[in-house]
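Asks: Here it is: the structure, laid out below.
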2 protein chains.
Amino acid sequence: MYRNHTCGELRASHIDEQVILAGWVQGIRDKGFMVYIDLRDRYGITQLYFDQELTSKALFEKAQSLGREFVIQVKGKVVERSSKNPNIPTGDIEVLVSDLEILNKAQLPPFTIEDKTDGGDELRMKYRYLDIRRNPVKNKLIFRHKVSQAVRSYLSKQNFIEVETPYLIKSTPEGARDFVVPSRMNQGQFYALPQSPQTFKQLLMVGGLDKYFQIVKCFRDEDLRADRQPEFTQIDCEMAFVEQEDILNTFEGLTRHLLKEINGVEVAEFPRMTYDEAIKTYGNDKPDIRFGMKFAELNKITQHKDFNVFNSAELVVGIAVPGGNSYTRKDIDKLIDWVKRPQIGALGMVYCRCNDDGTYKSSVDKFYDQEDLNQWADATNAEKGDLICILSGETNKVRAQLSALRMELAERLGLRDPKVFAPLWVIDFPLLEYDEETQRYHAMHHPFTSPKPGQLDLLDSNPGEVKANAYDLVLNGNEIGGGSIRIHDKKTQAIMLKHLGFSDEEARSQFGFLMDAFEYGAPPHGGIAFGLDRLVAILGGQESIRDFIAFPKNNAGRDVMIDAPAPLDNAQLDELNLSLKKK
Amino acid sequence: MYRNHTCGELRASHIDEQVILAGWVQGIRDKGFMVYIDLRDRYGITQLYFDQELTSKALFEKAQSLGREFVIQVKGKVVERSSKNPNIPTGDIEVLVSDLEILNKAQLPPFTIEDKTDGGDELRMKYRYLDIRRNPVKNKLIFRHKVSQAVRSYLSKQNFIEVETPYLIKSTPEGARDFVVPSRMNQGQFYALPQSPQTFKQLLMVGGLDKYFQIVKCFRDEDLRADRQPEFTQIDCEMAFVEQEDILNTFEGLTRHLLKEINGVEVAEFPRMTYDEAIKTYGNDKPDIRFGMKFAELNKITQHKDFNVFNSAELVVGIAVPGGNSYTRKDIDKLIDWVKRPQIGALGMVYCRCNDDGTYKSSVDKFYDQEDLNQWADATNAEKGDLICILSGETNKVRAQLSALRMELAERLGLRDPKVFAPLWVIDFPLLEYDEETQRYHAMHHPFTSPKPGQLDLLDSNPGEVKANAYDLVLNGNEIGGGSIRIHDKKTQAIMLKHLGFSDEEARSQFGFLMDAFEYGAPPHGGIAFGLDRLVAILGGQESIRDFIAFPKNNAGRDVMIDAPAPLDNAQLDELNLSLKKK
């Protein structure tokens, strides 16, 4: 061992001990007659010093020759510091070095290894191994480990079995695109990497392993958006002989355990909200309920006057912004510009100030009197000093726009406190959603989700109305998990696949094994999957997942550190019986 | 919840309770006036009964209509059994059923769901979800979970951090073939699936996370041999600021913990043996030391007579088979046939009986007298009643042949007791091994293994003689783990790659990121990786890994259950800019 203590370990109680430390040179202060070095390892920083009067010339000069990020081993005596540093746990002591070995030299790093670095994103990614030396990144990786361990330990205690499902599986053209893997031993054929272990975990239920989980990498070949990764990690779970209520309770238990164990936060029973209510009240299916500003639909109390913008709108909907009456005219104009940005797409915004004297002042005073405005205030729960913001137009669009505005305002008002945790179950999701582009219904969750009992016939008459026992767990405005009760009989599965546009033959070739399995005694079952990257980030109080991933890819799906993907040599292509098409 | 008890839970203390159970119909015995059903779930079997006199006609007939593997839910009262079954934990009670719901019917399974099934391998694989219902398979998966959890919990307590490394990485033409993944977003380029996270774990050491582990899937596109899988699981570990001794101690601790925790076995300090000694004494680098039969090299005491077979041999080597003198002439002839099989390839075998009266009788009495034979007995440690078996020929071949014979004899003699655990560190592996086929040296471990200090120069003069701080952990004749101290400076790494036949350009393009990393302050580091599939099988007392894997592939790399790999449709190939070559 190159050390007998870590750099985060020595205290006043160690004074006079001979110690051996190893680590990186965080910084050097050369005072001419004294050289101070901050030595860093994973556990902390310890101050070393070399005293010209107490140290051999060779050793002193060696110390002076060190550079940042050199890897060194030192032997020395722990001594009390004359001026203590209360900011670090080792601040009471320093080490008078008697022996110094340079284990490895270092070039000057391309960015500073400090909590706040001068390195840009691309540079940090290219030298990720240096970035990981920085506390903010290192601590996030350690934090992730703790969360994963807490998940495993909790579920194991609940009798769940972690089962490893295969990575080399079969391509199924549903959901996102698959990454595929050409088979050399079965030429012309391909494996696919799993988008999730969905079918396998269902087969484990058919196999009688009634409580399954797995922390597992999944893969989606999507055109990447910011903060999406082609490979990501799921906490994948499934249970047999359960109903929705059992799953909600079990995984509410897990989430509560994590909040307690990891964040020290006790959370009451999670509220539940139907999908329809979430959409109506918050404009989206993953509402952040750390704050109010609930939607009030105002059609009835706005469409009786001559204001044509409202009269012609499918939906008129508003929120009350707490304390928003303090905004200047200029502030409000900026807000209106903000909602009119192409990313949001509103055509305009009506507002109404709620004055402290109980009067109202709206941007549409020409059309509405104080009594009207008072009704708006009642509907939106606006109080004196608030600002009512109203958008109108096509229902789906205007809800999305107002939802974006609500989140933006909450951010500005400091209502999205990362230390406050507001979990929420959103339940009763629709089974299908209509896709304008392909002009057909898709499974909202996936093709294995069961319609609610008794709603199977509705599939023919009004497919958009069919609800499922499907649920999302939302935390602070982020979907951290989602699942459903599954279909467990062949007939229902066949009907479902037919409605999703699969021919009998396609259904057979892609999901035949699952439908066969349903004929050999499949128990009722359901499950949930959590996005670990996102969950860890939120528990860690962060919006971005990237630094919770040791080696993330950039938005083009590239690992810029190892420079992957990369061309293959022709011999490898030949072995796979593949060729690249000419452009 | 479909049940309030499991089928393994009810005891005499539950008598008179109303219970709800759910599970699979294991068997039905219809006595006409009574129907008995064994109801099975993951936790056990509970006997249900329906009494014609106590039960409605409809319910009784429903019970009679059930078939094997039907999934049912029953309500009923726990009653004491008149004839108890001491073989199962629930054998004191049975449940008088008052309510029966068929949750799912089942077709007759293609093989019996019993501990000993009538299903062949291929059938069991095709219906793996049914196979998993059988105790032997189910218990192995649960056992694997326990081992994985024990590993994670032990290493976490030792301050190791589990870090997830990426699956979509870069192809490196070293070791086995990579599986590759075409990139759609970077056309003409490919990711590779990791053969191991080797370079990433080294980068984590450069990044200062000085104790890393990961239980992780790895991939090798090899021509499959029996009991090899294209995807397999490693316990991958790395430490910084350590020497070989630290790694051996740490992972001896882990292994000892597993043997204690999982098997209840206390094992003394693990013996260590050099690679050279293992080869010389056991004929291979993963000796099973649960039993003796050590090799005795007999050149000196056999090559002084006129027996030309020995005189012309590079190596004459023998073992003493305990009690082998009881073999008949016919037994011994069979043994000789066995070593002459093409799989073993010996040309013949000389033997010598050690009689109880102290005399010897050999197959080469024409050439050797009693005194010679007595020397052989001394050399092989043969006792009265033993049989000395001697092979001769080219050193490497004859060692492999005798090693095979030694293992076969131990098997026949019952010396390979799966309940006895004999771990062994094999150390001081050669850095390189010569490959006859490609006529060049390959890295015995991998290109990142460090030569022993001071042996770098030997690389030029006598590469085969260079030793490494590389080690394997052997358990009962199986390599369960292997690792090394790594190179941590660019210069040594460059020399190593050059000796392995990489041009500067190849070294740069494939391992440039690692060599760059070594220039920014890489600490001394080393590690080990365990094959989890094998480790779990051995701890479970089994030779075959297949049933410790939930969904294994067959020897052609196929998943016969989901029928993968499979052809890709043309649209997918087009998106990837790929085409299949015409044959």
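FYI, nothing fancy with the structure tokens labels: chains A, B, ... in order, residues from 1 per chain, ligands from 1 as they appear.
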Distance limit 6 Å, atoms considered: only C-alpha atoms. Which chain A residues sit that close to chain B? Return them as JSON, numbers by chain.
Replies: {"A": [1, 2, 42, 69, 70, 71, 104, 105, 106, 107, 129, 130, 132, 133, 145, 162, 169, 170, 180, 181, 189, 190, 191, 203, 207, 208, 241, 242, 243, 513, 519, 520, 521, 562, 564, 565, 566, 567, 577, 578, 579, 580, 581]}
Asks: From a backbone DSSP assignment, name each residue in range 343-376 of chain A labelled helix (DSSP H, G or I), as a list in words.
Replies: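 Answer for range 343-376 of chain A restricted to helix (DSSP H, G or I) is Gln370, Glu371, Asp372, Leu373, Asn374, Gln375 and Trp376 of chain A.
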Asks: Just to be explicit: take each residue in the selection above, keep C-alpha atoms, and write the result as a PDB file, in the first residue's frame.
Replies:
```
ATOM      1  CA  GLN A 370     -64.445  45.087 -12.330  1.00  0.00           C
ATOM      2  CA  GLU A 371     -67.107  42.478 -11.655  1.00  0.00           C
ATOM      3  CA  ASP A 372     -65.822  40.311 -14.506  1.00  0.00           C
ATOM      4  CA  LEU A 373     -62.277  40.666 -13.271  1.00  0.00           C
ATOM      5  CA  ASN A 374     -63.347  39.837  -9.759  1.00  0.00           C
ATOM      6  CA  GLN A 375     -64.785  36.561 -11.109  1.00  0.00           C
ATOM      7  CA  TRP A 376     -61.442  35.822 -12.777  1.00  0.00           C
TER       8      TRP A 376
END
```
Asks: So that I can see what lies close to Gln542 in chain A, please list as a PyMOL selection string the residues with an atom at most 8 Å from it, counting only C-alpha atoms and leaving out residues fewer than 4 positions away in the same chain.
Replies: chain A and resi 418+537-538
Asks: Need to verify the contact set: range 342-348 of chain B, 10 Å, only C-alpha atoms, exclusion of same-chain residues closer than 4 positions in sequence. Can you return it as a list in words?
Replies: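 Here the answer would be Val309, Leu335, Ile336, Asp337, Trp338, Ile390, Leu391, Ser392, Gly393, Lys397, Val398, Ala400, Gln401, Leu402, Ser403, Ala404 and Leu405 of chain B.
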Asks: Which of range 95-202 of chain A end up as strand (DSSP E) when DSSP is run on this backbone - answer as a PyMOL selection string?
Replies: chain A and resi 95-104+161-162+180-182+189-192
Asks: Quick one: residues within 10 Å of Gly32 in chain A, only C-alpha atoms counted, chain neighbours fewer than 4 positions away excluded, as a PDB file with N, CA, C and O atoms, in the first residue's frame?
Replies:
```pdb
ATOM      1  N   ASP A  51      10.224  22.474   5.333  1.00  0.00           N
ATOM      2  CA  ASP A  51      10.879  23.601   5.996  1.00  0.00           C
ATOM      3  C   ASP A  51      12.362  23.551   5.642  1.00  0.00           C
ATOM      4  O   ASP A  51      13.039  22.569   5.911  1.00  0.00           O
ATOM      5  N   GLN A  52      12.856  24.628   5.038  1.00  0.00           N
ATOM      6  CA  GLN A  52      14.235  24.662   4.572  1.00  0.00           C
ATOM      7  C   GLN A  52      15.228  24.327   5.695  1.00  0.00           C
ATOM      8  O   GLN A  52      16.261  23.717   5.461  1.00  0.00           O
ATOM      9  N   GLN A  64      10.109  21.770  -4.427  1.00  0.00           N
ATOM     10  CA  GLN A  64       9.951  22.974  -5.256  1.00  0.00           C
ATOM     11  C   GLN A  64       9.723  22.624  -6.731  1.00  0.00           C
ATOM     12  O   GLN A  64       9.163  23.415  -7.478  1.00  0.00           O
TER      13      GLN A  64
END
```
Asks: What is the distance between CA of Lys75 in chain A and CA of Leu254 in chain B, in Å to one decimal?
Replies: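 Atom-to-atom, CA of Lys75 in chain A and CA of Leu254 in chain B are spaced 29.8 Å apart.
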Asks: Pick the closest to Gln158 in chain B from B:Gly44, B:Gly482, B:Pro136, B:Gly253: which is it, counting only C-alpha atoms?
Replies: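 For Gln158 in chain B, the nearest of the candidates is B:Gly253.
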